[in-house]
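Student: Structure file work17.cif (mmCIF, C-alpha atoms) right here:
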```cif
data_structure
#
loop_
_atom_site.label_atom_id
_atom_site.label_comp_id
_atom_site.auth_asym_id
_atom_site.auth_seq_id
_atom_site.Cartn_x
_atom_site.Cartn_y
_atom_site.Cartn_z
CA MET V 143 145.68 160.91 164.68
CA TYR V 144 144.45 164.08 163.13
CA ARG V 145 145.43 164.13 159.50
CA THR V 146 144.89 167.72 158.50
CA ALA V 147 146.46 171.10 158.93
CA ALA V 148 144.73 171.51 162.29
CA LYS V 149 147.36 169.35 163.94
CA ARG V 150 150.17 171.34 162.37
CA LEU V 151 148.62 174.65 163.39
CA LEU V 152 147.24 173.79 166.79
CA GLY V 153 149.77 171.42 168.26
CA ALA V 154 149.56 168.01 169.81
CA GLY V 155 146.55 165.79 170.32
CA LEU V 156 143.78 166.12 172.84
CA THR V 157 144.07 165.92 176.58
CA THR V 158 142.06 162.92 177.49
CA SER V 159 142.04 159.35 178.59
CA ARG V 160 139.08 157.20 177.74
CA LEU V 161 138.20 156.26 181.32
CA LEU V 162 134.61 155.90 182.46
CA ARG V 163 133.20 157.10 179.13
CA SER V 164 129.68 156.32 180.25
CA THR V 165 129.71 159.23 182.71
CA ILE V 166 129.78 161.77 179.90
CA ILE V 167 126.47 161.03 178.24
CA PRO V 168 123.79 158.56 179.28
CA SER V 169 122.95 155.86 176.77
CA SER V 170 119.42 157.25 176.51
CA TYR V 171 120.86 160.24 174.70
CA THR V 172 122.97 158.22 172.28
CA SER V 173 121.00 155.09 171.48
CA ASN V 174 118.74 156.78 168.95
CA LEU V 175 121.06 159.41 167.56
CA CYS V 176 121.19 159.73 163.81
CA THR V 177 118.67 156.97 163.12
CA SER V 178 116.15 159.15 161.31
CA SER V 179 116.29 159.23 157.53
CA MET V 180 117.08 162.41 155.64
CA GLY V 181 115.98 163.39 152.20
CA HIS V 182 118.40 165.08 149.81
CA THR V 183 118.56 167.17 146.70
CA GLU V 184 122.30 167.15 146.06
CA SER V 185 124.68 164.42 145.01
CA PRO V 186 126.75 162.80 147.77
CA ILE V 187 130.22 164.24 148.07
CA ILE V 188 133.08 162.64 146.19
CA ASN V 189 136.49 162.51 147.82
CA GLN V 190 138.92 165.10 146.60
CA SER V 191 142.63 164.63 146.15
CA GLY V 192 144.90 166.84 148.17
CA PRO V 193 146.56 167.23 151.55
CA THR V 194 143.33 166.88 153.55
CA ALA V 195 141.55 164.25 151.48
CA ALA V 196 139.96 161.49 153.50
CA SER V 197 137.21 158.91 153.55
CA SER V 198 133.81 160.54 153.66
CA THR V 199 132.72 158.27 156.46
CA GLY V 200 135.98 158.24 158.36
CA THR V 201 136.19 154.47 158.24
CA GLY V 202 138.77 152.15 156.77
CA GLU V 203 141.78 153.76 158.43
CA GLY V 204 141.67 152.10 161.82
CA PRO V 205 141.83 154.12 165.07
CA ARG V 206 142.50 157.71 164.11
CA ARG V 207 143.84 159.16 167.33
CA LYS V 208 145.81 157.93 170.26
CA PRO V 209 145.52 160.69 172.82
CA ARG V 210 148.68 161.99 174.41
CA PRO V 211 147.70 162.07 178.08
CA GLU V 212 148.31 165.43 179.69
CA PHE V 213 146.54 164.31 182.85
CA GLU V 214 147.95 161.66 185.11
CA GLU V 215 145.79 158.56 185.25
CA GLU V 216 144.59 159.41 188.74
CA GLN V 217 143.66 162.94 187.67
CA ALA V 218 141.73 161.58 184.70
CA ARG V 219 139.80 159.24 186.96
CA VAL V 220 138.84 162.16 189.16
CA LEU V 221 137.75 164.33 186.24
CA SER V 222 135.69 161.53 184.74
CA ALA V 223 133.95 160.85 188.04
CA SER V 224 133.41 164.57 188.60
CA LEU V 225 131.16 164.78 185.54
CA ARG V 226 128.51 162.85 187.46
CA HIS V 227 128.18 165.81 189.82
CA VAL V 228 128.17 168.66 187.31
CA ALA V 229 124.39 168.68 186.83
CA ARG V 230 123.99 169.35 190.57
CA LEU V 231 127.13 171.27 191.52
CA GLY V 232 128.12 172.86 188.23
CA TRP V 233 131.61 173.08 186.74
CA THR V 234 133.14 173.68 190.15
CA GLU V 235 135.79 172.56 192.57
CA GLU V 236 132.96 171.07 194.63
CA ALA V 237 132.10 168.73 191.76
CA MET V 238 135.76 167.77 191.44
CA THR V 239 136.01 167.12 195.17
CA ALA V 240 132.93 164.90 195.02
CA GLY V 241 134.43 163.07 192.05
CA SER V 242 137.68 162.43 193.90
CA ARG V 243 135.77 160.88 196.79
CA ASP V 244 133.86 158.66 194.37
CA VAL V 245 137.09 157.07 193.16
CA GLY V 246 138.74 156.91 196.56
CA VAL V 247 141.25 159.70 196.01
CA SER V 248 142.05 162.42 198.51
CA PRO V 249 140.23 165.69 197.70
CA SER V 250 143.60 167.43 197.93
CA ILE V 251 144.21 166.25 194.36
CA VAL V 252 142.00 169.11 193.19
CA GLY V 253 144.91 171.40 194.04
CA SER V 254 147.07 169.64 191.45
CA PHE V 255 144.97 171.11 188.62
CA SER V 256 146.41 174.49 187.70
CA ARG V 257 143.10 175.84 186.39
CA ARG V 258 140.63 173.82 188.44
CA GLU V 259 137.17 174.24 186.80
CA ALA V 260 138.72 174.85 183.39
CA ALA V 261 140.39 171.44 183.57
CA LEU V 262 137.00 169.83 184.08
CA VAL V 263 135.40 171.65 181.13
CA GLU V 264 138.37 170.90 178.88
CA TYR V 265 138.32 167.24 179.85
CA PHE V 266 134.65 167.07 178.91
CA MET V 267 135.30 168.78 175.56
CA ASP V 268 138.13 166.36 174.75
CA GLU V 269 136.08 163.34 175.72
CA CYS V 270 133.14 164.48 173.60
CA LEU V 271 135.37 164.87 170.57
CA GLN V 272 136.81 161.41 171.10
CA LEU V 273 133.29 160.04 171.47
CA LEU V 274 132.32 161.65 168.16
CA ILE V 275 135.40 160.18 166.46
CA ASP V 276 134.61 156.75 167.90
CA ARG V 277 131.05 157.03 166.64
CA VAL V 278 132.25 157.78 163.11
CA ASP V 279 134.90 155.05 163.18
CA SER V 280 132.38 152.49 164.41
CA GLY V 281 130.41 152.88 161.19
CA LEU V 282 128.17 155.95 161.42
CA ASP V 283 126.20 155.96 158.17
CA LEU V 284 126.86 159.18 156.27
CA GLN V 285 127.40 157.76 152.80
CA ASN V 286 123.93 158.46 151.44
CA LEU V 287 123.71 162.00 152.78
CA ILE V 288 124.66 165.17 150.96
CA PRO V 289 127.42 167.32 152.57
CA SER V 290 125.05 169.75 154.29
CA GLU V 291 123.13 166.87 155.88
CA ARG V 292 126.36 165.25 157.04
CA ILE V 293 127.44 168.44 158.74
CA SER V 294 124.06 168.89 160.44
CA LYS V 295 124.11 165.30 161.61
CA LEU V 296 127.61 165.52 163.10
CA ILE V 297 126.96 168.83 164.85
CA ARG V 298 123.73 167.47 166.29
CA ILE V 299 125.47 164.37 167.63
CA ARG V 300 128.09 166.54 169.30
CA LEU V 301 125.62 169.03 170.81
CA GLU V 302 123.37 166.28 172.12
CA MET V 303 126.28 165.24 174.33
CA GLN V 304 125.74 168.48 176.25
CA VAL V 305 122.06 167.81 176.97
CA PRO V 306 122.66 166.24 180.42
CA TYR V 307 124.56 169.41 181.41
CA ILE V 308 122.49 172.01 179.58
CA SER V 309 121.42 173.91 182.70
CA LYS V 310 125.08 174.36 183.65
CA TRP V 311 126.45 174.97 180.17
CA PRO V 312 126.36 178.79 180.41
CA GLN V 313 128.83 178.42 183.27
CA ALA V 314 131.06 176.25 181.08
CA LEU V 315 130.99 178.88 178.33
CA SER V 316 131.91 181.54 180.87
CA ILE V 317 134.88 179.46 182.03
CA GLN V 318 136.01 178.92 178.43
CA ALA V 319 135.77 182.66 177.75
CA HIS V 320 138.16 183.58 180.58
CA PRO V 321 141.33 185.04 179.02
CA VAL V 322 143.53 182.37 180.58
CA ASN V 323 141.39 179.61 179.08
CA VAL V 324 140.69 181.07 175.64
CA PRO V 325 143.71 179.50 173.85
CA THR V 326 142.75 175.97 174.88
CA SER V 327 139.06 176.62 174.21
CA PHE V 328 139.87 177.90 170.73
CA LYS V 329 142.10 174.92 170.00
CA GLN V 330 139.46 172.43 171.11
CA ARG V 331 136.74 174.02 169.01
CA ALA V 332 139.04 174.27 166.02
CA MET V 333 139.83 170.57 166.33
CA LEU V 334 136.12 169.77 166.50
CA VAL V 335 135.35 171.80 163.39
CA ASP V 336 138.29 170.28 161.54
CA GLU V 337 137.20 166.78 162.47
CA ILE V 338 133.69 167.46 161.17
CA TRP V 339 135.03 168.72 157.84
CA HIS V 340 137.41 165.78 157.65
CA THR V 341 134.56 163.34 158.22
CA VAL V 342 132.43 165.05 155.60
CA GLY V 343 135.25 164.43 153.13
CA ASP V 344 136.60 167.93 152.66
CA GLY V 345 139.72 168.22 150.54
CA ALA V 346 140.18 171.99 150.68
CA SER V 347 143.54 173.69 150.97
CA ASP V 348 144.94 177.22 151.14
CA LEU V 349 142.43 180.02 151.80
CA ASP V 350 139.42 177.80 151.23
CA TRP V 351 140.46 175.61 154.18
CA TYR V 352 140.29 178.59 156.56
CA VAL V 353 137.05 179.98 155.12
CA LYS V 354 135.22 176.69 155.53
CA ARG V 355 136.33 176.20 159.12
CA THR V 356 135.55 179.78 160.08
CA VAL V 357 132.03 179.51 158.67
CA LEU V 358 131.38 176.13 160.29
CA GLY V 359 132.73 177.37 163.62
CA GLY V 360 130.18 180.17 163.48
CA VAL V 361 127.37 177.73 162.69
CA TYR V 362 128.35 175.51 165.62
CA SER V 363 128.64 178.37 168.12
CA THR V 364 125.37 180.07 167.18
CA THR V 365 123.51 176.75 167.41
CA GLU V 366 125.12 176.05 170.77
CA ILE V 367 123.88 179.40 172.11
CA TYR V 368 120.41 178.94 170.60
CA MET V 369 120.15 175.58 172.34
CA LEU V 370 120.50 177.20 175.76
CA THR V 371 117.15 178.97 175.45
CA ASP V 372 115.28 176.25 173.55
CA ASP V 373 112.38 174.74 175.48
CA SER V 374 110.88 172.82 172.56
CA PRO V 375 110.43 169.04 172.88
CA GLU V 376 113.76 167.25 172.43
CA TYR V 377 115.31 170.51 171.20
CA ARG V 378 113.38 170.29 167.95
CA ASP V 379 113.69 174.05 167.33
CA THR V 380 117.46 173.87 167.81
CA TRP V 381 117.85 171.20 165.15
CA GLU V 382 115.67 173.19 162.73
CA PHE V 383 117.80 176.25 163.47
CA LEU V 384 120.94 174.20 162.82
CA ASP V 385 119.65 172.88 159.49
CA ASP V 386 118.78 176.42 158.39
CA ARG V 387 122.21 177.80 159.34
CA VAL V 388 124.01 175.01 157.48
CA LYS V 389 121.88 175.63 154.40
CA ASP V 390 122.64 179.34 154.67
CA ALA V 391 126.36 178.54 154.74
CA PHE V 392 126.09 176.46 151.57
CA ASP V 393 124.02 179.19 149.89
CA LEU V 394 126.79 181.66 150.74
CA LYS V 395 129.28 179.43 148.95
CA LYS V 396 127.03 179.20 145.90
CA SER V 397 126.62 182.97 145.88
CA ILE V 398 130.40 183.39 145.83
CA GLN V 399 130.68 181.01 142.90
CA GLU V 400 127.90 182.76 141.00
CA ALA V 401 129.65 186.08 141.49
CA LYS V 402 132.84 184.55 140.13
CA TYR V 403 131.06 183.31 137.02
CA PHE V 404 129.53 186.77 136.55
CA ALA V 405 133.00 188.30 136.70
CA GLN V 406 134.22 185.79 134.12
CA ASP V 407 131.41 186.87 131.79
CA ILE V 408 132.39 190.51 132.10
CA GLY V 409 135.88 189.42 131.09
CA ALA V 410 137.87 192.64 131.23
CA GLY V 411 138.63 195.71 133.30
CA VAL V 412 136.99 195.71 136.69
CA GLY V 413 135.62 192.28 135.91
CA LYS V 414 139.07 190.72 135.83
CA SER V 415 140.06 192.29 139.14
CA PHE V 416 136.85 191.13 140.75
CA GLN V 417 137.35 187.68 139.30
CA GLY V 418 140.74 187.42 140.95
CA VAL V 419 139.27 188.22 144.34
CA MET V 420 136.41 185.78 143.98
CA GLN V 421 138.70 183.02 142.77
CA SER V 422 140.70 183.32 145.97
CA MET V 423 137.51 182.92 147.96
CA SER V 424 136.08 179.95 146.11
CA THR V 425 137.10 176.46 145.08
CA ARG V 426 139.55 176.27 142.21
CA GLY V 427 138.98 174.46 138.98
CA GLY V 428 135.86 172.47 138.31
CA ARG V 429 134.76 171.54 141.82
CA SER V 430 131.03 171.45 142.27
CA SER V 431 129.17 173.47 144.90
CA SER V 432 128.30 170.26 146.72
CA SER V 433 131.78 170.22 148.24
CA PHE V 434 131.10 173.60 149.94
#
```
Starting from the file, give its structure as structure tokens.

Tutor:
Amino acid sequence: MYRTAAKRLLGAGLTTSRLLRSTIIPSSYTSNLCTSSMGHTESPIINQSGPTAASSTGTGEGPRRKPRPEFEEEQARVLSASLRHVARLGWTEEAMTAGSRDVGVSPSIVGSFSRREAALVEYFMDECLQLLIDRVDSGLDLQNLIPSERISKLIRIRLEMQVPYISKWPQALSIQAHPVNVPTSFKQRAMLVDEIWHTVGDGASDLDWYVKRTVLGGVYSTTEIYMLTDDSPEYRDTWEFLDDRVKDAFDLKKSIQEAKYFAQDIGAGVGKSFQGVMQSMSTRGGRSSSSF
């Protein structure tokens, strides 16, 4: 289960079964993920106490989420099988119809989905998040990485799941941006961002919790868009872009802390007022910048 404020704010768990997981991402895209070594210049993160504290690797707690199925089993089978046809037919009713035939279900079942194509995109998003959680829980090695490297690694794993569908992903983004679908799209992305921070070992609360997730959501979305136009081998330019954006985000945090210390040195007058603002935007007490 999700263990942070995301669940309280965004409602119940994800809409997915775990049927036919292999249709989402071929093993050729997952077998070598996250095997390259990463250098580092910061100290690994140390778990913080607080309402969102958690293991930095996400292990040791057993299965972390038991999805509450919002699709009937037969619908889930159809959606899972439909993903095989997305690369050719797109995120369409045609793909869903083909998927229903694959599993021996009448194509009329497509009419049981209230938002048709959106259901297919949302199913994929949910399954990818569960796949990421499973990867972490199965022992993904993050322990020797600094926080910024952990974030880059997790975002890369998640975005690589979209590689088999990259030519059709602009259509998926368009479906997610439809006003009727925006609430679910926002919830799914918020859950993804929260899960990444949780896995990194974030223990933030109050305003800092929202700031971190807003910044990381922006990093994820801009990298996702950049990836659509990247023709470099194995999306090398995308991963460099991602690393740079994550570093920028951490530099922003450090700049906020430096401004706070400057205000503390001024000590009085405008300095005190400025200090109060900066304290509300940065980590309280003696936390180090490595916690972002």

Student: Please evaluate the PyMOL selection byres ((chain V and resi 314) around 12) against the structure above and give the resulting residues as a VMD selection string.

Tutor: chain V and resid 228 to 229 232 to 234 259 to 267 304 307 to 313 315 to 320 323 327 366 to 367 370

Student: Have a look at atom CA of Ser222 of chain V and atom CA of Glu235 of chain V and let me know their distance in Å, one decimal.

Tutor: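 Atom-to-atom, atom CA of Ser222 of chain V to atom CA of Glu235 of chain V, that is 13.5 Å.
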
Student: Got a sec to resolve the PyMOL selection byres ((chain V and resi 379-386) around 8) on this structure and send the residues as a PyMOL selection string?

Tutor: chain V and resi 291+294+298+361+365+368-369+372+374+377-378+387-390

Student: Mind pulling up the distance from atom CA of Ala332 of chain V to atom CA of Ser254 of chain V?

Tutor: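 For atom CA of Ser254 of chain V relative to atom CA of Ala332 of chain V, the distance reads 27.1 Å.
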
Student: List as a list in words the residues having at least one atom at most 10 Å from position (132.1, 163.8, 190.2) as given in the file, counting all atoms listed in the file.

Tutor: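 The residues near that point, listed by chain and number, are Thr165, Arg219, Val220, Leu221, Ser222, Ala223, Ser224, Leu225, Arg226, His227, Val228, Ala229, Arg230, Leu231, Trp233, Thr234, Glu235, Glu236, Ala237, Met238, Thr239, Ala240, Gly241, Ser242, Arg243, Asp244, Val245 and Leu262 of chain V.
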
Student: Padding of 4 Å on every side, edges along x, y and z, all listed atoms of segment 223-230 of chain V included: what centre and edge lengths in Å, to one decimal, does that box have, as JSON?

Tutor:
```
{"center_x": 129.0, "center_y": 165.1, "center_z": 188.1, "size_x": 18.0, "size_y": 16.5, "size_z": 13.0}
```

Student: Pick from V:Ile297, V:Ala218, V:Val305, V:Arg292: nearest to Glu269 of chain V, with only C-alpha atoms counted?

Tutor: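 Going through V:Ile297, V:Ala218, V:Val305, V:Arg292 one by one, the smallest distance to Glu269 of chain V is for V:Ala218.
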
Student: Could you check how far atom CA of Val353 of chain V sits from atom CA of Val335 of chain V, in Å to one decimal?

Tutor: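 Computed distance, atom CA of Val353 of chain V to atom CA of Val335 of chain V, equals 11.8 Å.
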
Student: Calculated over only C-alpha atoms, which of the candidates V:Leu296, V:Ala391, V:Met303, V:Leu287 has the smallest distance to Glu337 of chain V?

Tutor: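 For Glu337 of chain V, the nearest of the given residues is V:Leu296.
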
Student: From the list V:Glu302, V:Asp336, V:Gly253, V:Leu271, which residue is nearest Tyr352 of chain V when using all atoms listed in the file?

Tutor: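 Checking each of V:Glu302, V:Asp336, V:Gly253, V:Leu271 against Tyr352 of chain V, counting all atoms listed in the file, the winner is V:Asp336.
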
Student: Ranking V:Val342, V:Pro306, V:Phe328, V:Gln217 by minimum distance to Arg258 of chain V and counting only C-alpha atoms, which one comes first?

Tutor: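 Closest to Arg258 of chain V, using only C-alpha atoms: V:Gln217.
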
Student: From the options V:Leu284, V:Ile251, V:Leu349, V:Cys270, which residue's atoms come nearest to Gln330 of chain V, counting all atoms listed in the file?

Tutor: V:Cys270

Student: Starting from the incomplete input, reconstruct N, CA, C and O atoms of segment 267-293 of chain V and write that as an mmCIF file, in the frame of the given file.

Tutor:
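Output (rebuild.cif):
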```
data_model
loop_
_atom_site.group_PDB
_atom_site.id
_atom_site.type_symbol
_atom_site.label_atom_id
_atom_site.label_comp_id
_atom_site.auth_asym_id
_atom_site.auth_seq_id
_atom_site.Cartn_x
_atom_site.Cartn_y
_atom_site.Cartn_z
ATOM 1 N N MET V 267 135.222 168.462 176.990
ATOM 2 C CA MET V 267 135.300 168.780 175.560
ATOM 3 C C MET V 267 136.129 167.734 174.817
ATOM 4 O O MET V 267 135.752 167.281 173.726
ATOM 5 N N ASP V 268 137.267 167.358 175.383
ATOM 6 C CA ASP V 268 138.130 166.360 174.750
ATOM 7 C C ASP V 268 137.426 165.007 174.642
ATOM 8 O O ASP V 268 137.498 164.324 173.622
ATOM 9 N N GLU V 269 136.767 164.620 175.724
ATOM 10 C CA GLU V 269 136.080 163.340 175.720
ATOM 11 C C GLU V 269 134.943 163.302 174.703
ATOM 12 O O GLU V 269 134.712 162.290 174.044
ATOM 13 N N CYS V 270 134.233 164.420 174.579
ATOM 14 C CA CYS V 270 133.140 164.480 173.600
ATOM 15 C C CYS V 270 133.670 164.360 172.176
ATOM 16 O O CYS V 270 133.052 163.699 171.327
ATOM 17 N N LEU V 271 134.784 164.989 171.896
ATOM 18 C CA LEU V 271 135.370 164.870 170.570
ATOM 19 C C LEU V 271 135.795 163.432 170.291
ATOM 20 O O LEU V 271 135.568 162.894 169.205
ATOM 21 N N GLN V 272 136.412 162.804 171.285
ATOM 22 C CA GLN V 272 136.810 161.410 171.100
ATOM 23 C C GLN V 272 135.590 160.518 170.903
ATOM 24 O O GLN V 272 135.597 159.588 170.080
ATOM 25 N N LEU V 273 134.511 160.809 171.623
ATOM 26 C CA LEU V 273 133.290 160.040 171.470
ATOM 27 C C LEU V 273 132.710 160.196 170.074
ATOM 28 O O LEU V 273 132.211 159.240 169.474
ATOM 29 N N LEU V 274 132.785 161.406 169.532
ATOM 30 C CA LEU V 274 132.320 161.650 168.160
ATOM 31 C C LEU V 274 133.174 160.872 167.160
ATOM 32 O O LEU V 274 132.655 160.250 166.226
ATOM 33 N N ILE V 275 134.494 160.916 167.342
ATOM 34 C CA ILE V 275 135.400 160.180 166.460
ATOM 35 C C ILE V 275 135.106 158.678 166.531
ATOM 36 O O ILE V 275 135.045 157.987 165.504
ATOM 37 N N ASP V 276 134.911 158.162 167.741
ATOM 38 C CA ASP V 276 134.610 156.750 167.900
ATOM 39 C C ASP V 276 133.308 156.380 167.196
ATOM 40 O O ASP V 276 133.194 155.311 166.596
ATOM 41 N N ARG V 277 132.337 157.289 167.290
ATOM 42 C CA ARG V 277 131.050 157.030 166.640
ATOM 43 C C ARG V 277 131.220 156.926 165.126
ATOM 44 O O ARG V 277 130.634 156.060 164.476
ATOM 45 N N VAL V 278 131.998 157.812 164.554
ATOM 46 C CA VAL V 278 132.250 157.780 163.110
ATOM 47 C C VAL V 278 133.020 156.519 162.741
ATOM 48 O O VAL V 278 132.679 155.815 161.784
ATOM 49 N N ASP V 279 134.063 156.209 163.496
ATOM 50 C CA ASP V 279 134.900 155.050 163.180
ATOM 51 C C ASP V 279 134.167 153.730 163.366
ATOM 52 O O ASP V 279 134.563 152.710 162.792
ATOM 53 N N SER V 280 133.120 153.731 164.189
ATOM 54 C CA SER V 280 132.380 152.490 164.410
ATOM 55 C C SER V 280 131.346 152.235 163.320
ATOM 56 O O SER V 280 130.632 151.230 163.368
ATOM 57 N N GLY V 281 131.259 153.138 162.334
ATOM 58 C CA GLY V 281 130.410 152.880 161.190
ATOM 59 C C GLY V 281 129.187 153.773 161.072
ATOM 60 O O GLY V 281 128.166 153.344 160.523
ATOM 61 N N LEU V 282 129.269 155.004 161.579
ATOM 62 C CA LEU V 282 128.170 155.950 161.420
ATOM 63 C C LEU V 282 127.846 156.117 159.940
ATOM 64 O O LEU V 282 128.724 156.403 159.139
ATOM 65 N N ASP V 283 126.596 155.938 159.579
ATOM 66 C CA ASP V 283 126.200 155.960 158.170
ATOM 67 C C ASP V 283 126.013 157.388 157.691
ATOM 68 O O ASP V 283 125.043 158.060 158.033
ATOM 69 N N LEU V 284 126.951 157.851 156.872
ATOM 70 C CA LEU V 284 126.860 159.180 156.270
ATOM 71 C C LEU V 284 126.886 159.109 154.745
ATOM 72 O O LEU V 284 126.703 160.123 154.078
ATOM 73 N N GLN V 285 127.104 157.915 154.218
ATOM 74 C CA GLN V 285 127.400 157.760 152.800
ATOM 75 C C GLN V 285 126.297 158.280 151.897
ATOM 76 O O GLN V 285 126.558 158.836 150.829
ATOM 77 N N ASN V 286 125.050 158.089 152.301
ATOM 78 C CA ASN V 286 123.930 158.460 151.440
ATOM 79 C C ASN V 286 123.400 159.865 151.698
ATOM 80 O O ASN V 286 122.335 160.232 151.187
ATOM 81 N N LEU V 287 124.114 160.641 152.480
ATOM 82 C CA LEU V 287 123.710 162.000 152.780
ATOM 83 C C LEU V 287 124.538 162.989 151.973
ATOM 84 O O LEU V 287 125.708 162.752 151.696
ATOM 85 N N ILE V 288 123.917 164.101 151.614
ATOM 86 C CA ILE V 288 124.660 165.170 150.960
ATOM 87 C C ILE V 288 125.506 165.891 152.010
ATOM 88 O O ILE V 288 125.272 165.751 153.219
ATOM 89 N N PRO V 289 126.512 166.684 151.607
ATOM 90 C CA PRO V 289 127.420 167.320 152.570
ATOM 91 C C PRO V 289 126.722 168.139 153.656
ATOM 92 O O PRO V 289 127.089 168.055 154.826
ATOM 93 N N SER V 290 125.722 168.927 153.289
ATOM 94 C CA SER V 290 125.050 169.750 154.290
ATOM 95 C C SER V 290 124.363 168.893 155.333
ATOM 96 O O SER V 290 124.352 169.229 156.529
ATOM 97 N N GLU V 291 123.788 167.768 154.932
ATOM 98 C CA GLU V 291 123.130 166.870 155.880
ATOM 99 C C GLU V 291 124.157 166.171 156.778
ATOM 100 O O GLU V 291 123.896 165.927 157.965
ATOM 101 N N ARG V 292 125.313 165.855 156.223
ATOM 102 C CA ARG V 292 126.360 165.250 157.040
ATOM 103 C C ARG V 292 126.822 166.198 158.136
ATOM 104 O O ARG V 292 127.009 165.812 159.295
ATOM 105 N N ILE V 293 127.001 167.449 157.760
ATOM 106 C CA ILE V 293 127.440 168.440 158.740
ATOM 107 C C ILE V 293 126.403 168.611 159.831
ATOM 108 O O ILE V 293 126.725 168.612 161.029
#
```
